[in-house]
file work_4.cif (mmCIF, C-alpha atoms; chains and numbers go by the auth columns)
data_final
#
loop_
_atom_site.group_PDB
_atom_site.id
_atom_site.type_symbol
_atom_site.label_atom_id
_atom_site.label_comp_id
_atom_site.label_asym_id
_atom_site.label_seq_id
_atom_site.Cartn_x
_atom_site.Cartn_y
_atom_site.Cartn_z
_atom_site.B_iso_or_equiv
_atom_site.auth_seq_id
_atom_site.auth_asym_id
ATOM 1 C CA MET A 1 -71.202 112.211 -152.478 0.00 20 A
ATOM 2 C CA ALA A 2 -72.378 109.405 -154.693 0.00 21 A
ATOM 3 C CA GLY A 3 -75.748 107.800 -154.088 0.00 22 A
ATOM 4 C CA GLN A 4 -76.526 104.122 -153.803 0.00 23 A
ATOM 5 C CA SER A 5 -77.224 103.905 -157.541 0.00 24 A
ATOM 6 C CA ARG A 6 -73.843 105.451 -158.386 0.00 25 A
ATOM 7 C CA GLY A 7 -71.739 102.726 -156.811 0.00 26 A
ATOM 8 C CA SER A 8 -71.532 103.749 -153.185 0.00 27 A
ATOM 9 C CA ARG A 9 -68.740 102.033 -151.268 0.00 28 A
ATOM 10 C CA ASN A 10 -70.835 101.781 -148.115 0.00 29 A
ATOM 11 C CA ASN A 11 -71.965 98.236 -147.466 0.00 30 A
ATOM 12 C CA LEU A 12 -74.752 97.586 -144.999 0.00 31 A
ATOM 13 C CA VAL A 13 -74.038 95.012 -142.326 0.00 32 A
ATOM 14 C CA VAL A 14 -77.760 94.170 -142.333 0.00 33 A
ATOM 15 C CA PRO A 15 -79.008 94.607 -145.932 0.00 34 A
ATOM 16 C CA GLN A 16 -82.620 94.158 -144.766 0.00 35 A
ATOM 17 C CA ALA A 17 -82.291 97.543 -143.003 0.00 36 A
ATOM 18 C CA THR A 18 -82.177 99.449 -146.312 0.00 37 A
ATOM 19 C CA ALA A 19 -85.836 100.512 -146.265 0.00 38 A
ATOM 20 C CA ALA A 20 -85.681 101.620 -142.615 0.00 39 A
ATOM 21 C CA LEU A 21 -82.521 103.651 -143.242 0.00 40 A
ATOM 22 C CA GLN A 22 -84.065 105.320 -146.301 0.00 41 A
ATOM 23 C CA GLN A 23 -87.137 106.194 -144.238 0.00 42 A
ATOM 24 C CA MET A 24 -84.917 107.639 -141.508 0.00 43 A
ATOM 25 C CA LYS A 25 -83.047 109.705 -144.107 0.00 44 A
ATOM 26 C CA MET A 26 -86.309 111.086 -145.490 0.00 45 A
ATOM 27 C CA GLU A 27 -87.602 111.969 -142.018 0.00 46 A
ATOM 28 C CA ALA A 28 -84.317 113.651 -141.067 0.00 47 A
ATOM 29 C CA ALA A 29 -84.242 115.648 -144.292 0.00 48 A
ATOM 30 C CA GLN A 30 -87.820 116.789 -143.758 0.00 49 A
ATOM 31 C CA GLU A 31 -87.083 117.901 -140.186 0.00 50 A
ATOM 32 C CA LEU A 32 -83.959 119.782 -141.293 0.00 51 A
ATOM 33 C CA GLY A 33 -85.551 121.278 -144.410 0.00 52 A
ATOM 34 C CA VAL A 34 -83.121 119.559 -146.795 0.00 53 A
ATOM 35 C CA GLN A 35 -84.536 118.283 -150.086 0.00 54 A
ATOM 36 C CA ILE A 36 -83.307 114.762 -150.962 0.00 55 A
ATOM 37 C CA PRO A 37 -82.238 114.631 -154.636 0.00 56 A
ATOM 38 C CA GLN A 38 -84.292 112.183 -156.699 0.00 57 A
ATOM 39 C CA ASP A 39 -81.223 110.925 -158.563 0.00 58 A
ATOM 40 C CA GLY A 40 -79.162 110.414 -155.396 0.00 59 A
ATOM 41 C CA TYR A 41 -76.506 112.969 -156.463 0.00 60 A
ATOM 42 C CA TYR A 42 -75.549 115.329 -153.636 0.00 61 A
ATOM 43 C CA GLY A 43 -72.942 117.308 -155.615 0.00 62 A
ATOM 44 C CA ASN A 44 -75.101 120.434 -155.679 0.00 63 A
ATOM 45 C CA TYR A 45 -75.488 120.520 -151.891 0.00 64 A
ATOM 46 C CA THR A 46 -73.322 122.363 -149.409 0.00 65 A
ATOM 47 C CA SER A 47 -71.158 120.553 -146.892 0.00 66 A
ATOM 48 C CA ARG A 48 -73.333 122.089 -144.193 0.00 67 A
ATOM 49 C CA GLU A 49 -76.502 120.548 -145.669 0.00 68 A
ATOM 50 C CA THR A 50 -75.083 117.068 -146.131 0.00 69 A
ATOM 51 C CA GLY A 51 -73.163 117.211 -142.852 0.00 70 A
ATOM 52 C CA SER A 52 -76.215 118.238 -140.867 0.00 71 A
ATOM 53 C CA LEU A 53 -78.220 115.438 -142.451 0.00 72 A
ATOM 54 C CA GLY A 54 -75.530 112.834 -141.750 0.00 73 A
ATOM 55 C CA GLY A 55 -75.001 114.108 -138.220 0.00 74 A
ATOM 56 C CA TYR A 56 -78.709 114.019 -137.457 0.00 75 A
ATOM 57 C CA ILE A 57 -79.025 110.455 -138.748 0.00 76 A
ATOM 58 C CA THR A 58 -75.961 109.350 -136.757 0.00 77 A
ATOM 59 C CA LYS A 59 -77.340 110.946 -133.592 0.00 78 A
ATOM 60 C CA ARG A 60 -80.664 109.150 -134.098 0.00 79 A
ATOM 61 C CA LEU A 61 -78.966 105.781 -134.754 0.00 80 A
ATOM 62 C CA VAL A 62 -76.918 106.169 -131.554 0.00 81 A
ATOM 63 C CA GLN A 63 -80.116 106.937 -129.607 0.00 82 A
ATOM 64 C CA LEU A 64 -81.776 103.815 -131.009 0.00 83 A
ATOM 65 C CA ALA A 65 -78.754 101.662 -130.147 0.00 84 A
ATOM 66 C CA GLU A 66 -78.602 103.060 -126.607 0.00 85 A
ATOM 67 C CA GLN A 67 -82.277 102.276 -126.127 0.00 86 A
ATOM 68 C CA GLN A 68 -81.782 98.717 -127.322 0.00 87 A
ATOM 69 C CA LEU A 69 -78.735 98.215 -125.110 0.00 88 A
ATOM 70 C CA SER A 70 -80.613 99.501 -122.084 0.00 89 A
ATOM 71 C CA GLY A 71 -83.487 97.108 -122.773 0.00 90 A
ATOM 72 C CA ARG A 72 -85.985 99.776 -123.783 0.00 91 A
ATOM 73 C CA SER A 73 -87.550 99.097 -127.176 0.00 92 A
ATOM 74 C CA ASN A 74 -89.963 102.041 -127.261 0.00 93 A
ATOM 75 C CA LEU A 75 -88.911 105.024 -129.361 0.00 94 A
#
call {"tool": "encode", "arguments": {"input": "work_4.cif", "output": "structure tokens"}}
result
Amino acid sequence: MAGQSRGSRNNLVVPQATAALQQMKMEAAQELGVQIPQDGYYGNYTSRETGSLGGYITKRLVQLAEQQLSGRSNL
């Protein structure tokens, strides 16, 4: 899985969200005990590690969206 610096094909719809998404990734990794590689290269990680990190982030983003849609802004 290539990192942002290696030409990732993922384009953010809201580029200003980059810092918030990076912070969320760091928090998720810390909670799951996964060390984020400094160079952004995930090739030495297992599918379980990267999948759990991605799944956790997706779950959290869905929770945030549901809160916004329901009119609740508190986390």
call {"tool": "atom_distance", "arguments": {"input": "work_4.cif", "atom1": "atom CA of A:Ala47", "atom2": "atom CA of A:Leu80"}}
result
11.4 Å
call {"tool": "atom_distance", "arguments": {"input": "work_4.cif", "atom1": "atom CA of A:Gln86", "atom2": "atom CA of A:Gly52"}}
result
26.6 Å
call {"tool": "closest_atom_pairs", "arguments": {"input": "work_4.cif", "of": "stretch 57-79 of chain A", "to": "stretch 41-45 of chain A", "cutoff": "12 Å", "atoms": "only C-alpha atoms", "output": "Markdown table"}}
result
| residue | atom | partner | partner_atom | distance |
| --- | --- | --- | --- | --- |
| A:Gln57 | CA | A:Met45 | CA | 11.4 |
| A:Gly59 | CA | A:Gln41 | CA | 11.5 |
| A:Thr69 | CA | A:Lys44 | CA | 11.0 |
| A:Ser71 | CA | A:Lys44 | CA | 11.4 |
| A:Leu72 | CA | A:Lys44 | CA | 7.7 |
| A:Gly73 | CA | A:Lys44 | CA | 8.5 |
| A:Gly74 | CA | A:Lys44 | CA | 10.9 |
| A:Tyr75 | CA | A:Lys44 | CA | 9.0 |
| A:Ile76 | CA | A:Lys44 | CA | 6.7 |
| A:Thr77 | CA | A:Lys44 | CA | 10.2 |
| A:Lys78 | CA | A:Met43 | CA | 11.4 |
| A:Arg79 | CA | A:Met43 | CA | 8.7 |
call {"tool": "atom_distance", "arguments": {"input": "work_4.cif", "atom1": "atom CA of A:Ala48", "atom2": "atom CA of A:Ala84"}}
result
20.6 Å
call {"tool": "closest_residue", "arguments": {"input": "work_4.cif", "among": "A:Val81, A:Arg28, A:Arg91, A:Arg67", "to": "A:Val53", "atoms": "only C-alpha atoms"}}
result
A:Arg67
call {"tool": "decode", "arguments": {"input": "work_4.cif", "residues": "stretch 59-93 of chain A", "atoms": "N, CA, C and O atoms", "output": "PDB file, in the first residue's frame"}}
result
ATOM      1  N   GLY A  59       5.789   6.046   5.188  1.00  0.00           N
ATOM      2  CA  GLY A  59       4.509   5.847   4.536  1.00  0.00           C
ATOM      3  C   GLY A  59       4.382   4.524   3.793  1.00  0.00           C
ATOM      4  O   GLY A  59       3.370   4.251   3.173  1.00  0.00           O
ATOM      5  N   TYR A  60       5.399   3.660   3.862  1.00  0.00           N
ATOM      6  CA  TYR A  60       5.382   2.374   3.160  1.00  0.00           C
ATOM      7  C   TYR A  60       4.836   1.299   4.085  1.00  0.00           C
ATOM      8  O   TYR A  60       5.398   1.024   5.138  1.00  0.00           O
ATOM      9  N   TYR A  61       3.741   0.679   3.687  1.00  0.00           N
ATOM     10  CA  TYR A  61       3.081  -0.338   4.511  1.00  0.00           C
ATOM     11  C   TYR A  61       3.390  -1.758   4.038  1.00  0.00           C
ATOM     12  O   TYR A  61       2.764  -2.709   4.498  1.00  0.00           O
ATOM     13  N   GLY A  62       4.350  -1.929   3.140  1.00  0.00           N
ATOM     14  CA  GLY A  62       4.668  -3.229   2.574  1.00  0.00           C
ATOM     15  C   GLY A  62       5.139  -4.265   3.571  1.00  0.00           C
ATOM     16  O   GLY A  62       5.036  -5.460   3.316  1.00  0.00           O
ATOM     17  N   ASN A  63       5.631  -3.836   4.715  1.00  0.00           N
ATOM     18  CA  ASN A  63       6.117  -4.782   5.724  1.00  0.00           C
ATOM     19  C   ASN A  63       5.055  -5.126   6.763  1.00  0.00           C
ATOM     20  O   ASN A  63       5.343  -5.792   7.737  1.00  0.00           O
ATOM     21  N   TYR A  64       3.827  -4.688   6.537  1.00  0.00           N
ATOM     22  CA  TYR A  64       2.741  -4.929   7.480  1.00  0.00           C
ATOM     23  C   TYR A  64       1.842  -6.041   6.964  1.00  0.00           C
ATOM     24  O   TYR A  64       1.724  -6.256   5.758  1.00  0.00           O
ATOM     25  N   THR A  65       1.197  -6.731   7.889  1.00  0.00           N
ATOM     26  CA  THR A  65       0.287  -7.798   7.489  1.00  0.00           C
ATOM     27  C   THR A  65      -1.041  -7.198   7.032  1.00  0.00           C
ATOM     28  O   THR A  65      -1.380  -6.063   7.376  1.00  0.00           O
ATOM     29  N   SER A  66      -1.778  -7.982   6.276  1.00  0.00           N
ATOM     30  CA  SER A  66      -3.107  -7.549   5.843  1.00  0.00           C
ATOM     31  C   SER A  66      -4.003  -7.308   7.054  1.00  0.00           C
ATOM     32  O   SER A  66      -4.844  -6.418   7.047  1.00  0.00           O
ATOM     33  N   ARG A  67      -3.807  -8.095   8.087  1.00  0.00           N
ATOM     34  CA  ARG A  67      -4.608  -7.934   9.304  1.00  0.00           C
ATOM     35  C   ARG A  67      -4.343  -6.571   9.941  1.00  0.00           C
ATOM     36  O   ARG A  67      -5.269  -5.888  10.373  1.00  0.00           O
ATOM     37  N   GLU A  68      -3.069  -6.167  10.008  1.00  0.00           N
ATOM     38  CA  GLU A  68      -2.727  -4.879  10.616  1.00  0.00           C
ATOM     39  C   GLU A  68      -3.306  -3.710   9.816  1.00  0.00           C
ATOM     40  O   GLU A  68      -3.950  -2.821  10.379  1.00  0.00           O
ATOM     41  N   THR A  69      -3.079  -3.714   8.518  1.00  0.00           N
ATOM     42  CA  THR A  69      -3.569  -2.604   7.708  1.00  0.00           C
ATOM     43  C   THR A  69      -5.089  -2.637   7.587  1.00  0.00           C
ATOM     44  O   THR A  69      -5.740  -1.590   7.586  1.00  0.00           O
ATOM     45  N   GLY A  70      -5.665  -3.831   7.516  1.00  0.00           N
ATOM     46  CA  GLY A  70      -7.114  -3.952   7.435  1.00  0.00           C
ATOM     47  C   GLY A  70      -7.808  -3.494   8.705  1.00  0.00           C
ATOM     48  O   GLY A  70      -8.847  -2.826   8.651  1.00  0.00           O
ATOM     49  N   SER A  71      -7.217  -3.831   9.848  1.00  0.00           N
ATOM     50  CA  SER A  71      -7.832  -3.400  11.107  1.00  0.00           C
ATOM     51  C   SER A  71      -7.744  -1.890  11.250  1.00  0.00           C
ATOM     52  O   SER A  71      -8.683  -1.246  11.722  1.00  0.00           O
ATOM     53  N   LEU A  72      -6.657  -1.315  10.806  1.00  0.00           N
ATOM     54  CA  LEU A  72      -6.494   0.138  10.863  1.00  0.00           C
ATOM     55  C   LEU A  72      -7.503   0.819   9.934  1.00  0.00           C
ATOM     56  O   LEU A  72      -8.215   1.738  10.338  1.00  0.00           O
ATOM     57  N   GLY A  73      -7.607   0.356   8.709  1.00  0.00           N
ATOM     58  CA  GLY A  73      -8.554   0.925   7.757  1.00  0.00           C
ATOM     59  C   GLY A  73      -9.997   0.739   8.199  1.00  0.00           C
ATOM     60  O   GLY A  73     -10.818   1.645   8.079  1.00  0.00           O
ATOM     61  N   GLY A  74     -10.305  -0.422   8.738  1.00  0.00           N
ATOM     62  CA  GLY A  74     -11.655  -0.689   9.219  1.00  0.00           C
ATOM     63  C   GLY A  74     -12.032   0.195  10.394  1.00  0.00           C
ATOM     64  O   GLY A  74     -13.162   0.698  10.474  1.00  0.00           O
ATOM     65  N   TYR A  75     -11.092   0.393  11.295  1.00  0.00           N
ATOM     66  CA  TYR A  75     -11.334   1.242  12.460  1.00  0.00           C
ATOM     67  C   TYR A  75     -11.589   2.688  12.019  1.00  0.00           C
ATOM     68  O   TYR A  75     -12.507   3.332  12.514  1.00  0.00           O
ATOM     69  N   ILE A  76     -10.782   3.175  11.102  1.00  0.00           N
ATOM     70  CA  ILE A  76     -10.937   4.542  10.609  1.00  0.00           C
ATOM     71  C   ILE A  76     -12.281   4.684   9.897  1.00  0.00           C
ATOM     72  O   ILE A  76     -13.000   5.667  10.109  1.00  0.00           O
ATOM     73  N   THR A  77     -12.648   3.712   9.068  1.00  0.00           N
ATOM     74  CA  THR A  77     -13.924   3.763   8.363  1.00  0.00           C
ATOM     75  C   THR A  77     -15.086   3.774   9.349  1.00  0.00           C
ATOM     76  O   THR A  77     -16.029   4.565   9.198  1.00  0.00           O
ATOM     77  N   LYS A  78     -15.016   2.929  10.365  1.00  0.00           N
ATOM     78  CA  LYS A  78     -16.067   2.883  11.380  1.00  0.00           C
ATOM     79  C   LYS A  78     -16.209   4.239  12.069  1.00  0.00           C
ATOM     80  O   LYS A  78     -17.310   4.746  12.266  1.00  0.00           O
ATOM     81  N   ARG A  79     -15.090   4.859  12.390  1.00  0.00           N
ATOM     82  CA  ARG A  79     -15.104   6.166  13.061  1.00  0.00           C
ATOM     83  C   ARG A  79     -15.659   7.253  12.138  1.00  0.00           C
ATOM     84  O   ARG A  79     -16.441   8.104  12.568  1.00  0.00           O
ATOM     85  N   LEU A  80     -15.291   7.229  10.860  1.00  0.00           N
ATOM     86  CA  LEU A  80     -15.817   8.215   9.906  1.00  0.00           C
ATOM     87  C   LEU A  80     -17.327   8.061   9.733  1.00  0.00           C
ATOM     88  O   LEU A  80     -18.046   9.058   9.629  1.00  0.00           O
ATOM     89  N   VAL A  81     -17.824   6.830   9.713  1.00  0.00           N
ATOM     90  CA  VAL A  81     -19.264   6.598   9.611  1.00  0.00           C
ATOM     91  C   VAL A  81     -19.962   7.141  10.857  1.00  0.00           C
ATOM     92  O   VAL A  81     -21.014   7.781  10.758  1.00  0.00           O
ATOM     93  N   GLN A  82     -19.384   6.918  12.032  1.00  0.00           N
ATOM     94  CA  GLN A  82     -19.970   7.449  13.270  1.00  0.00           C
ATOM     95  C   GLN A  82     -20.056   8.971  13.219  1.00  0.00           C
ATOM     96  O   GLN A  82     -21.080   9.551  13.583  1.00  0.00           O
ATOM     97  N   LEU A  83     -18.982   9.617  12.761  1.00  0.00           N
ATOM     98  CA  LEU A  83     -18.978  11.072  12.667  1.00  0.00           C
ATOM     99  C   LEU A  83     -20.050  11.569  11.685  1.00  0.00           C
ATOM    100  O   LEU A  83     -20.753  12.538  11.956  1.00  0.00           O
ATOM    101  N   ALA A  84     -20.175  10.900  10.554  1.00  0.00           N
ATOM    102  CA  ALA A  84     -21.169  11.291   9.558  1.00  0.00           C
ATOM    103  C   ALA A  84     -22.583  11.102  10.101  1.00  0.00           C
ATOM    104  O   ALA A  84     -23.450  11.956   9.906  1.00  0.00           O
ATOM    105  N   GLU A  85     -22.822   9.998  10.804  1.00  0.00           N
ATOM    106  CA  GLU A  85     -24.143   9.764  11.384  1.00  0.00           C
ATOM    107  C   GLU A  85     -24.487  10.839  12.406  1.00  0.00           C
ATOM    108  O   GLU A  85     -25.623  11.310  12.461  1.00  0.00           O
ATOM    109  N   GLN A  86     -23.506  11.242  13.188  1.00  0.00           N
ATOM    110  CA  GLN A  86     -23.741  12.293  14.177  1.00  0.00           C
ATOM    111  C   GLN A  86     -24.090  13.609  13.490  1.00  0.00           C
ATOM    112  O   GLN A  86     -24.999  14.321  13.917  1.00  0.00           O
ATOM    113  N   GLN A  87     -23.381  13.924  12.430  1.00  0.00           N
ATOM    114  CA  GLN A  87     -23.661  15.164  11.708  1.00  0.00           C
ATOM    115  C   GLN A  87     -25.039  15.124  11.067  1.00  0.00           C
ATOM    116  O   GLN A  87     -25.772  16.103  11.088  1.00  0.00           O
ATOM    117  N   LEU A  88     -25.402  13.984  10.488  1.00  0.00           N
ATOM    118  CA  LEU A  88     -26.698  13.862   9.833  1.00  0.00           C
ATOM    119  C   LEU A  88     -27.845  13.930  10.834  1.00  0.00           C
ATOM    120  O   LEU A  88     -28.932  14.383  10.503  1.00  0.00           O
ATOM    121  N   SER A  89     -27.597  13.473  12.044  1.00  0.00           N
ATOM    122  CA  SER A  89     -28.648  13.514  13.060  1.00  0.00           C
ATOM    123  C   SER A  89     -28.714  14.846  13.776  1.00  0.00           C
ATOM    124  O   SER A  89     -29.562  15.060  14.634  1.00  0.00           O
ATOM    125  N   GLY A  90     -27.789  15.761  13.445  1.00  0.00           N
ATOM    126  CA  GLY A  90     -27.793  17.088  14.036  1.00  0.00           C
ATOM    127  C   GLY A  90     -26.983  17.208  15.300  1.00  0.00           C
ATOM    128  O   GLY A  90     -26.917  18.263  15.908  1.00  0.00           O
ATOM    129  N   ARG A  91     -26.330  16.124  15.706  1.00  0.00           N
ATOM    130  CA  ARG A  91     -25.484  16.170  16.901  1.00  0.00           C
ATOM    131  C   ARG A  91     -24.057  16.432  16.476  1.00  0.00           C
ATOM    132  O   ARG A  91     -23.489  15.690  15.695  1.00  0.00           O
ATOM    133  N   SER A  92     -23.442  17.484  16.981  1.00  0.00           N
ATOM    134  CA  SER A  92     -22.068  17.800  16.601  1.00  0.00           C
ATOM    135  C   SER A  92     -21.060  17.369  17.649  1.00  0.00           C
ATOM    136  O   SER A  92     -19.866  17.412  17.411  1.00  0.00           O
ATOM    137  N   ASN A  93     -21.522  16.960  18.837  1.00  0.00           N
ATOM    138  CA  ASN A  93     -20.572  16.536  19.866  1.00  0.00           C
ATOM    139  C   ASN A  93     -20.067  15.140  19.566  1.00  0.00           C
ATOM    140  O   ASN A  93     -20.781  14.310  19.056  1.00  0.00           O
TER     141      ASN A  93
END
